[in-house]
file target05.txt (compact mmCIF, C-alpha atoms)
# COMPACT_ATOMS: atom_id res chain seq x y z
CA MET A 9 96.68 106.21 83.50
CA THR A 10 97.61 104.45 86.74
CA LEU A 11 95.27 101.54 86.03
CA VAL A 12 96.59 100.54 82.61
CA PRO A 13 100.07 99.33 83.70
CA ILE A 14 98.59 97.60 86.75
CA LEU A 15 95.86 95.84 84.77
CA SER A 16 98.34 94.90 82.05
CA ALA A 17 100.62 93.24 84.61
CA LEU A 18 97.71 91.41 86.25
CA PHE A 19 96.36 90.15 82.92
CA ALA A 20 99.83 89.04 81.83
CA ALA A 21 100.33 87.15 85.10
CA GLN A 22 97.13 85.22 84.38
CA ALA A 23 98.06 84.68 80.71
CA LEU A 24 94.84 86.35 79.55
CA ALA A 25 95.04 86.94 75.79
CA PRO A 26 98.86 87.30 75.62
CA GLU A 27 98.67 89.08 72.25
CA HIS A 28 96.13 91.62 73.51
CA THR A 29 97.02 92.21 77.16
CA VAL A 30 97.51 95.95 76.66
CA HIS A 31 94.32 96.25 74.59
CA LEU A 32 92.36 94.61 77.43
CA ALA A 33 93.99 96.87 80.00
CA LEU A 34 93.19 99.99 77.99
CA GLY A 35 89.58 98.99 77.31
CA THR A 36 88.86 97.95 80.89
CA ALA A 37 90.47 101.09 82.33
CA MET A 38 88.46 103.29 79.95
CA ALA A 39 85.20 101.59 80.99
CA SER A 40 86.00 102.11 84.66
CA ILE A 41 86.22 105.89 84.10
CA ILE A 42 82.48 105.97 83.43
CA PHE A 43 81.79 104.96 87.01
CA THR A 44 84.69 106.76 88.67
CA SER A 45 83.91 110.08 86.96
CA THR A 46 80.19 109.81 87.70
CA ALA A 47 80.84 109.40 91.41
CA SER A 48 83.47 112.16 91.37
CA VAL A 49 81.37 114.64 89.39
CA ARG A 50 78.50 114.29 91.84
CA ALA A 51 80.79 115.35 94.67
CA HIS A 52 82.29 118.25 92.67
CA HIS A 53 78.85 119.43 91.47
CA GLN A 54 77.57 119.58 95.04
CA ARG A 55 80.41 122.04 95.73
CA GLY A 56 79.55 124.16 92.69
CA ALA A 57 82.81 123.21 91.00
CA VAL A 58 81.51 122.10 87.56
CA ASP A 59 81.07 124.60 84.72
CA TRP A 60 78.58 122.82 82.49
CA ARG A 61 78.97 125.42 79.72
CA ILE A 62 82.59 124.35 79.26
CA VAL A 63 81.53 120.69 79.36
CA ARG A 64 79.11 121.30 76.49
CA ARG A 65 81.83 123.02 74.44
CA LEU A 66 84.64 120.51 75.03
CA ALA A 67 82.89 117.16 75.36
CA PRO A 68 81.70 116.55 71.73
CA ALA A 69 85.15 117.11 70.20
CA MET A 70 86.94 115.14 72.91
CA ALA A 71 84.52 112.24 72.54
CA THR A 72 85.07 112.24 68.77
CA GLY A 73 88.84 112.13 69.19
CA ALA A 74 88.61 109.33 71.75
CA LEU A 75 86.36 107.31 69.45
CA LEU A 76 88.80 107.61 66.55
CA ALA A 77 91.73 106.48 68.70
CA THR A 78 89.93 103.55 70.31
CA LEU A 79 88.46 102.26 67.05
CA ALA A 80 91.96 102.29 65.56
CA SER A 81 93.47 100.47 68.56
CA GLY A 82 92.51 97.04 67.27
CA PHE A 83 94.81 97.51 64.28
CA VAL A 84 97.84 98.49 66.39
CA SER A 85 100.18 95.99 68.06
CA GLN A 86 100.18 95.94 71.82
CA ARG A 87 103.90 96.78 71.88
CA ALA A 88 103.26 99.96 69.91
CA LEU A 89 100.30 100.82 72.14
CA ALA A 90 102.36 100.23 75.28
CA LEU A 91 105.23 102.44 74.12
CA ALA A 92 102.86 105.18 72.92
CA PHE A 93 101.10 105.00 76.29
CA ALA A 94 104.41 105.31 78.16
CA ALA A 95 105.56 108.27 76.06
CA ILE A 96 102.34 110.21 76.69
CA VAL A 97 102.40 109.39 80.40
CA TYR A 98 106.04 110.51 80.69
CA ALA A 99 105.11 113.81 79.05
CA GLY A 100 102.09 114.31 81.31
CA ALA A 101 104.04 113.44 84.45
CA THR A 102 106.88 115.79 83.47
CA GLN A 103 104.42 118.63 82.94
CA MET A 104 102.84 117.96 86.33
CA LEU A 105 106.19 117.79 88.11
CA PHE A 106 108.01 120.71 86.48
CA GLY A 107 105.49 122.63 84.40
CA GLY A 108 103.90 124.64 87.18
CA ARG A 109 100.66 126.51 86.75
CA PRO A 110 100.23 127.97 83.26
CA SER A 111 99.95 131.72 82.84
CA ALA A 112 96.37 132.83 82.32
CA SER A 113 95.31 133.80 78.82
CA ARG A 114 92.37 135.97 77.79
CA GLY A 115 89.73 133.32 78.29
CA LEU A 116 88.27 130.35 76.43
CA PRO A 117 88.89 130.45 72.65
CA GLY A 118 86.26 130.42 69.92
CA THR A 119 84.47 127.43 68.45
CA ALA A 120 87.09 126.31 65.91
CA PRO A 121 90.06 126.37 68.34
CA MET A 122 87.96 124.61 70.98
CA LEU A 123 87.09 121.87 68.47
CA ALA A 124 90.75 121.44 67.53
CA VAL A 125 91.95 121.34 71.14
CA GLY A 126 89.14 119.01 72.19
CA THR A 127 89.74 116.56 69.34
CA ALA A 128 93.50 116.44 70.00
CA ILE A 129 92.96 115.84 73.71
CA GLY A 130 90.36 113.18 72.91
CA VAL A 131 92.79 111.25 70.69
CA ILE A 132 95.35 111.25 73.49
CA CYS A 133 92.65 110.14 75.95
CA GLY A 134 91.89 107.18 73.72
CA LEU A 135 95.56 106.19 73.52
CA VAL A 136 96.08 106.20 77.30
CA SER A 137 92.52 105.42 78.48
CA ALA A 138 92.24 108.60 80.52
CA GLY A 139 89.43 111.07 81.07
CA GLY A 140 91.84 113.79 80.00
CA ALA A 141 92.12 115.83 83.21
CA PHE A 142 95.92 115.93 82.96
CA LEU A 143 95.42 117.98 79.77
CA THR A 144 92.06 119.69 80.23
CA VAL A 145 92.90 121.11 83.67
CA PRO A 146 96.05 122.96 82.45
CA PHE A 147 94.11 124.13 79.37
CA MET A 148 91.30 125.55 81.51
CA LEU A 149 93.76 127.18 83.92
CA PHE A 150 95.41 128.80 80.91
CA CYS A 151 91.96 130.16 80.00
CA ARG A 152 91.42 131.72 83.46
CA VAL A 153 89.08 129.05 84.82
CA PRO A 154 89.45 128.79 88.64
CA VAL A 155 91.46 125.74 89.68
CA LEU A 156 88.73 123.90 91.60
CA THR A 157 86.24 124.55 88.79
CA ALA A 158 88.79 123.23 86.29
CA ILE A 159 89.20 120.02 88.31
CA GLY A 160 85.44 119.43 88.63
CA THR A 161 84.76 120.32 85.00
CA ALA A 162 87.53 118.00 83.80
CA ALA A 163 85.90 115.13 85.69
CA ALA A 164 82.55 115.92 84.04
CA VAL A 165 84.08 116.01 80.55
CA GLY A 166 85.59 112.60 81.27
CA ILE A 167 82.17 110.91 81.36
CA PRO A 168 81.20 111.28 77.64
CA VAL A 169 84.82 110.62 76.68
CA ALA A 170 84.76 107.37 78.66
CA LEU A 171 81.36 106.33 77.26
CA VAL A 172 82.37 106.83 73.65
CA GLY A 173 85.90 105.50 74.21
CA THR A 174 84.54 102.34 75.81
CA ALA A 175 82.24 101.81 72.83
CA GLY A 176 85.29 102.14 70.59
CA PHE A 177 87.25 99.51 72.54
CA VAL A 178 84.25 97.16 72.50
CA ALA A 179 83.86 97.57 68.74
CA SER A 180 87.57 97.25 67.92
CA GLY A 181 87.85 94.03 69.93
CA TRP A 182 84.49 92.55 68.97
CA ARG A 183 85.78 90.01 66.42
CA VAL A 184 89.24 89.49 67.88
CA PRO A 185 89.78 85.76 68.58
CA ASP A 186 91.13 84.22 71.80
CA LEU A 187 89.93 86.95 74.15
CA PRO A 188 88.77 85.80 77.62
CA ALA A 189 85.22 84.46 77.68
CA ALA A 190 84.04 87.15 80.11
CA SER A 191 85.08 90.00 77.83
CA LEU A 192 83.04 92.47 75.81
CA GLY A 193 85.45 93.37 73.05
CA PHE A 194 88.53 94.71 74.82
CA VAL A 195 86.66 95.23 78.11
CA HIS A 196 87.25 92.48 80.68
CA LEU A 197 84.05 92.41 82.69
CA PRO A 198 85.24 90.70 85.95
CA ALA A 199 88.09 93.20 86.30
CA LEU A 200 85.72 96.05 85.52
CA ALA A 201 83.28 94.90 88.21
CA ALA A 202 86.07 94.83 90.81
CA LEU A 203 87.28 98.30 89.80
CA VAL A 204 83.76 99.74 89.93
CA ALA A 205 83.14 98.35 93.41
CA GLY A 206 86.23 100.10 94.72
CA SER A 207 86.02 103.32 92.72
CA ILE A 208 82.41 104.18 93.52
CA ALA A 209 83.25 104.00 97.20
CA THR A 210 86.48 106.01 97.01
CA ALA A 211 85.98 108.61 94.23
CA PRO A 212 83.93 110.97 96.46
CA LEU A 213 86.74 110.79 99.01
CA GLY A 214 89.20 111.81 96.30
CA ALA A 215 86.99 114.77 95.36
CA ARG A 216 86.85 115.92 98.99
CA LEU A 217 90.61 115.56 99.39
CA ALA A 218 91.18 117.60 96.23
CA HIS A 219 89.44 120.51 97.96
CA ARG A 220 91.50 120.14 101.16
CA LEU A 221 95.04 118.93 100.46
CA PRO A 222 97.90 121.04 99.03
CA ALA A 223 97.72 120.85 95.25
CA THR A 224 101.51 120.96 94.85
CA THR A 225 102.01 117.90 97.05
CA LEU A 226 99.29 115.95 95.24
CA LYS A 227 100.81 116.78 91.85
CA ARG A 228 104.29 115.67 92.89
CA VAL A 229 103.14 112.38 94.40
CA PHE A 230 100.96 111.55 91.40
CA ALA A 231 103.68 112.52 88.90
CA LEU A 232 106.23 110.24 90.58
CA LEU A 233 103.70 107.40 90.58
CA LEU A 234 103.11 107.92 86.85
CA PHE A 235 106.86 107.88 86.15
CA ALA A 236 107.19 104.55 87.97
CA LEU A 237 104.22 102.91 86.25
CA ALA A 238 105.20 104.13 82.78
CA THR A 239 108.72 102.80 83.30
CA LYS A 240 107.31 99.41 84.27
CA MET A 241 105.29 99.44 81.03
CA VAL A 242 108.36 100.24 78.95
CA LEU A 243 110.45 97.51 80.56
CA ALA A 244 107.69 94.96 80.00
CA TYR A 245 107.27 95.65 76.27
CA LEU A 246 110.65 96.83 74.95
call {"tool": "encode", "arguments": {"input": "target05.txt", "output": "structure tokens"}}
result
Amino acid sequence: MTLVPILSALFAAQALAPEHTVHLALGTAMASIIFTSTASVRAHHQRGAVDWRIVRRLAPAMATGALLATLASGFVSQRALALAFAAIVYAGATQMLFGGRPSASRGLPGTAPMLAVGTAIGVICGLVSAGGAFLTVPFMLFCRVPVLTAIGTAAAVGIPVALVGTAGFVASGWRVPDLPAASLGFVHLPALAALVAGSIATAPLGARLAHRLPATTLKRVFALLLFALATKMVLAYL
């Protein structure tokens, strides 16, 4: 969610596909999650913080929802996508800043509720090009999953979501004219390569810090960053 406004501004500054700047930002950010999450999950798994049973239950529905949203993105104007992105980010940042930790429920729900929750989260992931941790972590905490396990498991769920979501952005942008030459659908390959180079090196550091730094401080800093970036997106496309 932090990458999309930044990439959108960078692409706009270079006049790359002016009618599809947001689409390119969303597709490229989604593709980068594949590499970021893989590096992060390795670090979390080494600390025993990934519950693969939850991954198997959530991932198929989330991936389906993400695919539906990303395939539909090619038919939506970038202004509408930008404003929808900002609205979802505002909601997520508000929850992080003021929502606190949810009260624990009785545990993970049955198959049908898990499918419904996973699909809904997946659609939102596709709209904002996120792995979904800002929604899956609170959901798992609500279901009595320990916080560090919820963080690691959310990163693991993000991998299939990113894979399928990236395929959706590639397909939806495949026949769109006037995209940059070095693009695969709505994925801009040079920007992706630069993001991957940085993220592979720094994602393990982020996983280690998540186990060491105060969670409340991290949430507040990240929420304020999201507010600022979403506001920039709104001002650019109103």
call {"tool": "atom_distance", "arguments": {"input": "target05.txt", "atom1": "atom CA of A:Val145", "atom2": "atom CA of A:Ala162"}}
result
6.2 Å
call {"tool": "closest_atom_pairs", "arguments": {"input": "target05.txt", "of": "stretch 16-56 of chain A", "to": "stretch 62-86 of chain A", "cutoff": "10 Å", "atoms": "only C-alpha atoms", "output": "tab-separated table"}}
result
residue	atom	partner	partner_atom	distance
A:Pro26	CA	A:Gln86	CA	9.5
A:Glu27	CA	A:Gln86	CA	7.0
A:His28	CA	A:Gln86	CA	6.2
A:Thr29	CA	A:Gln86	CA	7.2
A:Val30	CA	A:Gln86	CA	5.5
A:His31	CA	A:Gln86	CA	6.5
A:Leu32	CA	A:Gln86	CA	9.7
A:Leu34	CA	A:Thr78	CA	9.1
A:Gly35	CA	A:Thr78	CA	8.4
A:Met38	CA	A:Thr78	CA	9.8
call {"tool": "closest_residue", "arguments": {"input": "target05.txt", "among": "A:Pro188, A:Gly176, A:Gly214, A:Gly160", "to": "A:His52", "atoms": "all atoms listed in the file"}}
result
A:Gly160
call {"tool": "residues_around", "arguments": {"input": "target05.txt", "residues": "A:Thr144", "least_positions_apart": "5", "cutoff": "12 Å", "atoms": "all atoms listed in the file", "output": "PyMOL selection string"}}
result
chain A and resi 62-63+66-67+70+100+116+122+125-130+132-133+138-139+149-151+153+155+157-166
call {"tool": "atom_distance", "arguments": {"input": "target05.txt", "atom1": "atom CA of A:Phe147", "atom2": "atom CA of A:Gly118"}}
result
13.8 Å
call {"tool": "residues_around", "arguments": {"input": "target05.txt", "residues": "A:Ser207", "least_positions_apart": "2", "cutoff": "12 Å", "atoms": "all atoms listed in the file", "output": "number ranges by chain"}}
result
A: 11, 37, 39-48, 200-205, 209-215
call {"tool": "closest_atom_pairs", "arguments": {"input": "target05.txt", "of": "stretch 88-144 of chain A", "to": "stretch 224-240 of chain A", "cutoff": "10 Å", "atoms": "only C-alpha atoms", "output": "Markdown table"}}
result
| residue | atom | partner | partner_atom | distance |
| --- | --- | --- | --- | --- |
| A:Ala90 | CA | A:Ala238 | CA | 8.9 |
| A:Leu91 | CA | A:Ala238 | CA | 8.8 |
| A:Phe93 | CA | A:Ala238 | CA | 7.7 |
| A:Ala94 | CA | A:Ala238 | CA | 4.8 |
| A:Ala95 | CA | A:Ala238 | CA | 7.9 |
| A:Ile96 | CA | A:Ala238 | CA | 9.1 |
| A:Val97 | CA | A:Ala238 | CA | 6.4 |
| A:Tyr98 | CA | A:Phe235 | CA | 6.1 |
| A:Ala99 | CA | A:Phe235 | CA | 9.4 |
| A:Gly100 | CA | A:Ala231 | CA | 8.0 |
| A:Ala101 | CA | A:Ala231 | CA | 4.6 |
| A:Thr102 | CA | A:Ala231 | CA | 7.1 |
| A:Gln103 | CA | A:Ala231 | CA | 8.6 |
| A:Met104 | CA | A:Lys227 | CA | 6.0 |
| A:Leu105 | CA | A:Arg228 | CA | 5.6 |
| A:Phe106 | CA | A:Arg228 | CA | 9.0 |
| A:Gly108 | CA | A:Thr224 | CA | 8.8 |
| A:Arg109 | CA | A:Thr224 | CA | 9.9 |
call {"tool": "atom_distance", "arguments": {"input": "target05.txt", "atom1": "atom CA of A:Val178", "atom2": "atom CA of A:Ala124"}}
result
25.6 Å
call {"tool": "closest_residue", "arguments": {"input": "target05.txt", "among": "A:Ala25, A:Ala199, A:Gly115, A:Gly206", "to": "A:Arg152", "atoms": "all atoms listed in the file"}}
result
A:Gly115
call {"tool": "closest_residue", "arguments": {"input": "target05.txt", "among": "A:Pro146, A:Ala190, A:Ala141, A:Thr36", "to": "A:Phe177", "atoms": "all atoms listed in the file"}}
result
A:Thr36
call {"tool": "decode", "arguments": {"input": "target05.txt", "residues": "stretch 138-181 of chain A", "atoms": "N, CA and C atoms", "output": "PDB file, in the first residue's frame"}}
result
ATOM      1  N   ALA A 138      -2.126  -5.264  -2.179  1.00  0.00           N
ATOM      2  CA  ALA A 138      -1.527  -5.588  -0.889  1.00  0.00           C
ATOM      3  C   ALA A 138      -1.629  -7.088  -0.660  1.00  0.00           C
ATOM      4  N   GLY A 139      -0.736  -7.601   0.171  1.00  0.00           N
ATOM      5  CA  GLY A 139      -0.799  -9.009   0.538  1.00  0.00           C
ATOM      6  C   GLY A 139      -1.929  -9.311   1.492  1.00  0.00           C
ATOM      7  N   GLY A 140      -2.497  -8.264   2.104  1.00  0.00           N
ATOM      8  CA  GLY A 140      -3.666  -8.433   2.949  1.00  0.00           C
ATOM      9  C   GLY A 140      -3.401  -8.490   4.430  1.00  0.00           C
ATOM     10  N   ALA A 141      -2.142  -8.280   4.861  1.00  0.00           N
ATOM     11  CA  ALA A 141      -1.826  -8.404   6.286  1.00  0.00           C
ATOM     12  C   ALA A 141      -2.607  -7.418   7.144  1.00  0.00           C
ATOM     13  N   PHE A 142      -2.912  -6.239   6.587  1.00  0.00           N
ATOM     14  CA  PHE A 142      -3.643  -5.244   7.390  1.00  0.00           C
ATOM     15  C   PHE A 142      -5.055  -5.703   7.711  1.00  0.00           C
ATOM     16  N   LEU A 143      -5.543  -6.752   7.013  1.00  0.00           N
ATOM     17  CA  LEU A 143      -6.843  -7.333   7.317  1.00  0.00           C
ATOM     18  C   LEU A 143      -6.716  -8.728   7.928  1.00  0.00           C
ATOM     19  N   THR A 144      -5.786  -9.536   7.420  1.00  0.00           N
ATOM     20  CA  THR A 144      -5.682 -10.907   7.920  1.00  0.00           C
ATOM     21  C   THR A 144      -5.108 -10.965   9.339  1.00  0.00           C
ATOM     22  N   VAL A 145      -4.208 -10.036   9.679  1.00  0.00           N
ATOM     23  CA  VAL A 145      -3.664 -10.050  11.041  1.00  0.00           C
ATOM     24  C   VAL A 145      -4.761  -9.760  12.071  1.00  0.00           C
ATOM     25  N   PRO A 146      -5.568  -8.669  11.929  1.00  0.00           N
ATOM     26  CA  PRO A 146      -6.656  -8.473  12.888  1.00  0.00           C
ATOM     27  C   PRO A 146      -7.649  -9.637  12.921  1.00  0.00           C
ATOM     28  N   PHE A 147      -7.928 -10.228  11.753  1.00  0.00           N
ATOM     29  CA  PHE A 147      -8.847 -11.371  11.717  1.00  0.00           C
ATOM     30  C   PHE A 147      -8.292 -12.536  12.523  1.00  0.00           C
ATOM     31  N   MET A 148      -7.003 -12.837  12.343  1.00  0.00           N
ATOM     32  CA  MET A 148      -6.412 -13.955  13.078  1.00  0.00           C
ATOM     33  C   MET A 148      -6.311 -13.661  14.577  1.00  0.00           C
ATOM     34  N   LEU A 149      -6.016 -12.409  14.939  1.00  0.00           N
ATOM     35  CA  LEU A 149      -5.991 -12.048  16.356  1.00  0.00           C
ATOM     36  C   LEU A 149      -7.378 -12.226  16.977  1.00  0.00           C
ATOM     37  N   PHE A 150      -8.401 -11.874  16.221  1.00  0.00           N
ATOM     38  CA  PHE A 150      -9.776 -12.059  16.668  1.00  0.00           C
ATOM     39  C   PHE A 150     -10.081 -13.537  16.920  1.00  0.00           C
ATOM     40  N   CYS A 151      -9.390 -14.406  16.162  1.00  0.00           N
ATOM     41  CA  CYS A 151      -9.600 -15.849  16.274  1.00  0.00           C
ATOM     42  C   CYS A 151      -8.571 -16.516  17.181  1.00  0.00           C
ATOM     43  N   ARG A 152      -7.955 -15.734  18.071  1.00  0.00           N
ATOM     44  CA  ARG A 152      -7.048 -16.246  19.101  1.00  0.00           C
ATOM     45  C   ARG A 152      -5.728 -16.782  18.558  1.00  0.00           C
ATOM     46  N   VAL A 153      -5.312 -16.352  17.412  1.00  0.00           N
ATOM     47  CA  VAL A 153      -3.986 -16.720  16.900  1.00  0.00           C
ATOM     48  C   VAL A 153      -2.965 -15.785  17.552  1.00  0.00           C
ATOM     49  N   PRO A 154      -1.863 -16.297  18.096  1.00  0.00           N
ATOM     50  CA  PRO A 154      -0.849 -15.424  18.710  1.00  0.00           C
ATOM     51  C   PRO A 154      -0.342 -14.383  17.721  1.00  0.00           C
ATOM     52  N   VAL A 155       0.001 -13.196  18.236  1.00  0.00           N
ATOM     53  CA  VAL A 155       0.289 -12.065  17.360  1.00  0.00           C
ATOM     54  C   VAL A 155       1.452 -12.328  16.416  1.00  0.00           C
ATOM     55  N   LEU A 156       2.551 -12.895  16.890  1.00  0.00           N
ATOM     56  CA  LEU A 156       3.687 -13.127  16.001  1.00  0.00           C
ATOM     57  C   LEU A 156       3.363 -14.193  14.951  1.00  0.00           C
ATOM     58  N   THR A 157       2.573 -15.195  15.342  1.00  0.00           N
ATOM     59  CA  THR A 157       2.131 -16.199  14.365  1.00  0.00           C
ATOM     60  C   THR A 157       1.217 -15.568  13.330  1.00  0.00           C
ATOM     61  N   ALA A 158       0.357 -14.651  13.766  1.00  0.00           N
ATOM     62  CA  ALA A 158      -0.538 -13.965  12.826  1.00  0.00           C
ATOM     63  C   ALA A 158       0.262 -13.166  11.806  1.00  0.00           C
ATOM     64  N   ILE A 159       1.315 -12.484  12.251  1.00  0.00           N
ATOM     65  CA  ILE A 159       2.142 -11.685  11.344  1.00  0.00           C
ATOM     66  C   ILE A 159       2.838 -12.578  10.323  1.00  0.00           C
ATOM     67  N   GLY A 160       3.469 -13.658  10.795  1.00  0.00           N
ATOM     68  CA  GLY A 160       4.172 -14.568   9.886  1.00  0.00           C
ATOM     69  C   GLY A 160       3.234 -15.272   8.933  1.00  0.00           C
ATOM     70  N   THR A 161       2.065 -15.694   9.439  1.00  0.00           N
ATOM     71  CA  THR A 161       1.093 -16.389   8.597  1.00  0.00           C
ATOM     72  C   THR A 161       0.512 -15.456   7.545  1.00  0.00           C
ATOM     73  N   ALA A 162       0.279 -14.192   7.920  1.00  0.00           N
ATOM     74  CA  ALA A 162      -0.226 -13.209   6.952  1.00  0.00           C
ATOM     75  C   ALA A 162       0.759 -13.006   5.808  1.00  0.00           C
ATOM     76  N   ALA A 163       2.055 -12.994   6.121  1.00  0.00           N
ATOM     77  CA  ALA A 163       3.066 -12.867   5.070  1.00  0.00           C
ATOM     78  C   ALA A 163       3.025 -14.065   4.132  1.00  0.00           C
ATOM     79  N   ALA A 164       2.826 -15.268   4.702  1.00  0.00           N
ATOM     80  CA  ALA A 164       2.778 -16.479   3.875  1.00  0.00           C
ATOM     81  C   ALA A 164       1.558 -16.490   2.971  1.00  0.00           C
ATOM     82  N   VAL A 165       0.416 -16.056   3.485  1.00  0.00           N
ATOM     83  CA  VAL A 165      -0.804 -15.992   2.670  1.00  0.00           C
ATOM     84  C   VAL A 165      -0.627 -14.999   1.523  1.00  0.00           C
ATOM     85  N   GLY A 166       0.201 -13.982   1.744  1.00  0.00           N
ATOM     86  CA  GLY A 166       0.410 -12.967   0.717  1.00  0.00           C
ATOM     87  C   GLY A 166       1.067 -13.488  -0.549  1.00  0.00           C
ATOM     88  N   ILE A 167       1.791 -14.598  -0.460  1.00  0.00           N
ATOM     89  CA  ILE A 167       2.498 -15.108  -1.647  1.00  0.00           C
ATOM     90  C   ILE A 167       1.519 -15.600  -2.722  1.00  0.00           C
ATOM     91  N   PRO A 168       0.603 -16.551  -2.429  1.00  0.00           N
ATOM     92  CA  PRO A 168      -0.347 -16.951  -3.493  1.00  0.00           C
ATOM     93  C   PRO A 168      -1.241 -15.812  -3.941  1.00  0.00           C
ATOM     94  N   VAL A 169      -1.610 -14.914  -3.024  1.00  0.00           N
ATOM     95  CA  VAL A 169      -2.409 -13.754  -3.415  1.00  0.00           C
ATOM     96  C   VAL A 169      -1.655 -12.911  -4.435  1.00  0.00           C
ATOM     97  N   ALA A 170      -0.366 -12.671  -4.169  1.00  0.00           N
ATOM     98  CA  ALA A 170       0.442 -11.864  -5.086  1.00  0.00           C
ATOM     99  C   ALA A 170       0.643 -12.563  -6.429  1.00  0.00           C
ATOM    100  N   LEU A 171       0.861 -13.877  -6.405  1.00  0.00           N
ATOM    101  CA  LEU A 171       1.053 -14.630  -7.653  1.00  0.00           C
ATOM    102  C   LEU A 171      -0.184 -14.533  -8.547  1.00  0.00           C
ATOM    103  N   VAL A 172      -1.333 -14.822  -7.968  1.00  0.00           N
ATOM    104  CA  VAL A 172      -2.569 -14.803  -8.748  1.00  0.00           C
ATOM    105  C   VAL A 172      -2.941 -13.371  -9.126  1.00  0.00           C
ATOM    106  N   GLY A 173      -2.765 -12.427  -8.184  1.00  0.00           N
ATOM    107  CA  GLY A 173      -3.075 -11.030  -8.474  1.00  0.00           C
ATOM    108  C   GLY A 173      -2.208 -10.471  -9.588  1.00  0.00           C
ATOM    109  N   THR A 174      -0.932 -10.840  -9.585  1.00  0.00           N
ATOM    110  CA  THR A 174      -0.035 -10.390 -10.657  1.00  0.00           C
ATOM    111  C   THR A 174      -0.492 -10.938 -12.004  1.00  0.00           C
ATOM    112  N   ALA A 175      -0.878 -12.205 -12.019  1.00  0.00           N
ATOM    113  CA  ALA A 175      -1.396 -12.792 -13.266  1.00  0.00           C
ATOM    114  C   ALA A 175      -2.624 -12.026 -13.751  1.00  0.00           C
ATOM    115  N   GLY A 176      -3.469 -11.604 -12.822  1.00  0.00           N
ATOM    116  CA  GLY A 176      -4.646 -10.832 -13.199  1.00  0.00           C
ATOM    117  C   GLY A 176      -4.288  -9.486 -13.799  1.00  0.00           C
ATOM    118  N   PHE A 177      -3.297  -8.789 -13.216  1.00  0.00           N
ATOM    119  CA  PHE A 177      -2.875  -7.500 -13.764  1.00  0.00           C
ATOM    120  C   PHE A 177      -2.185  -7.668 -15.124  1.00  0.00           C
ATOM    121  N   VAL A 178      -1.444  -8.746 -15.299  1.00  0.00           N
ATOM    122  CA  VAL A 178      -0.827  -9.007 -16.598  1.00  0.00           C
ATOM    123  C   VAL A 178      -1.907  -9.239 -17.649  1.00  0.00           C
ATOM    124  N   ALA A 179      -2.891 -10.066 -17.301  1.00  0.00           N
ATOM    125  CA  ALA A 179      -3.958 -10.382 -18.260  1.00  0.00           C
ATOM    126  C   ALA A 179      -4.813  -9.162 -18.577  1.00  0.00           C
ATOM    127  N   SER A 180      -5.170  -8.375 -17.562  1.00  0.00           N
ATOM    128  CA  SER A 180      -6.063  -7.231 -17.803  1.00  0.00           C
ATOM    129  C   SER A 180      -5.385  -6.136 -18.614  1.00  0.00           C
ATOM    130  N   GLY A 181      -4.045  -6.071 -18.561  1.00  0.00           N
ATOM    131  CA  GLY A 181      -3.340  -5.057 -19.332  1.00  0.00           C
ATOM    132  C   GLY A 181      -2.697  -5.570 -20.606  1.00  0.00           C
TER     133      GLY A 181
END
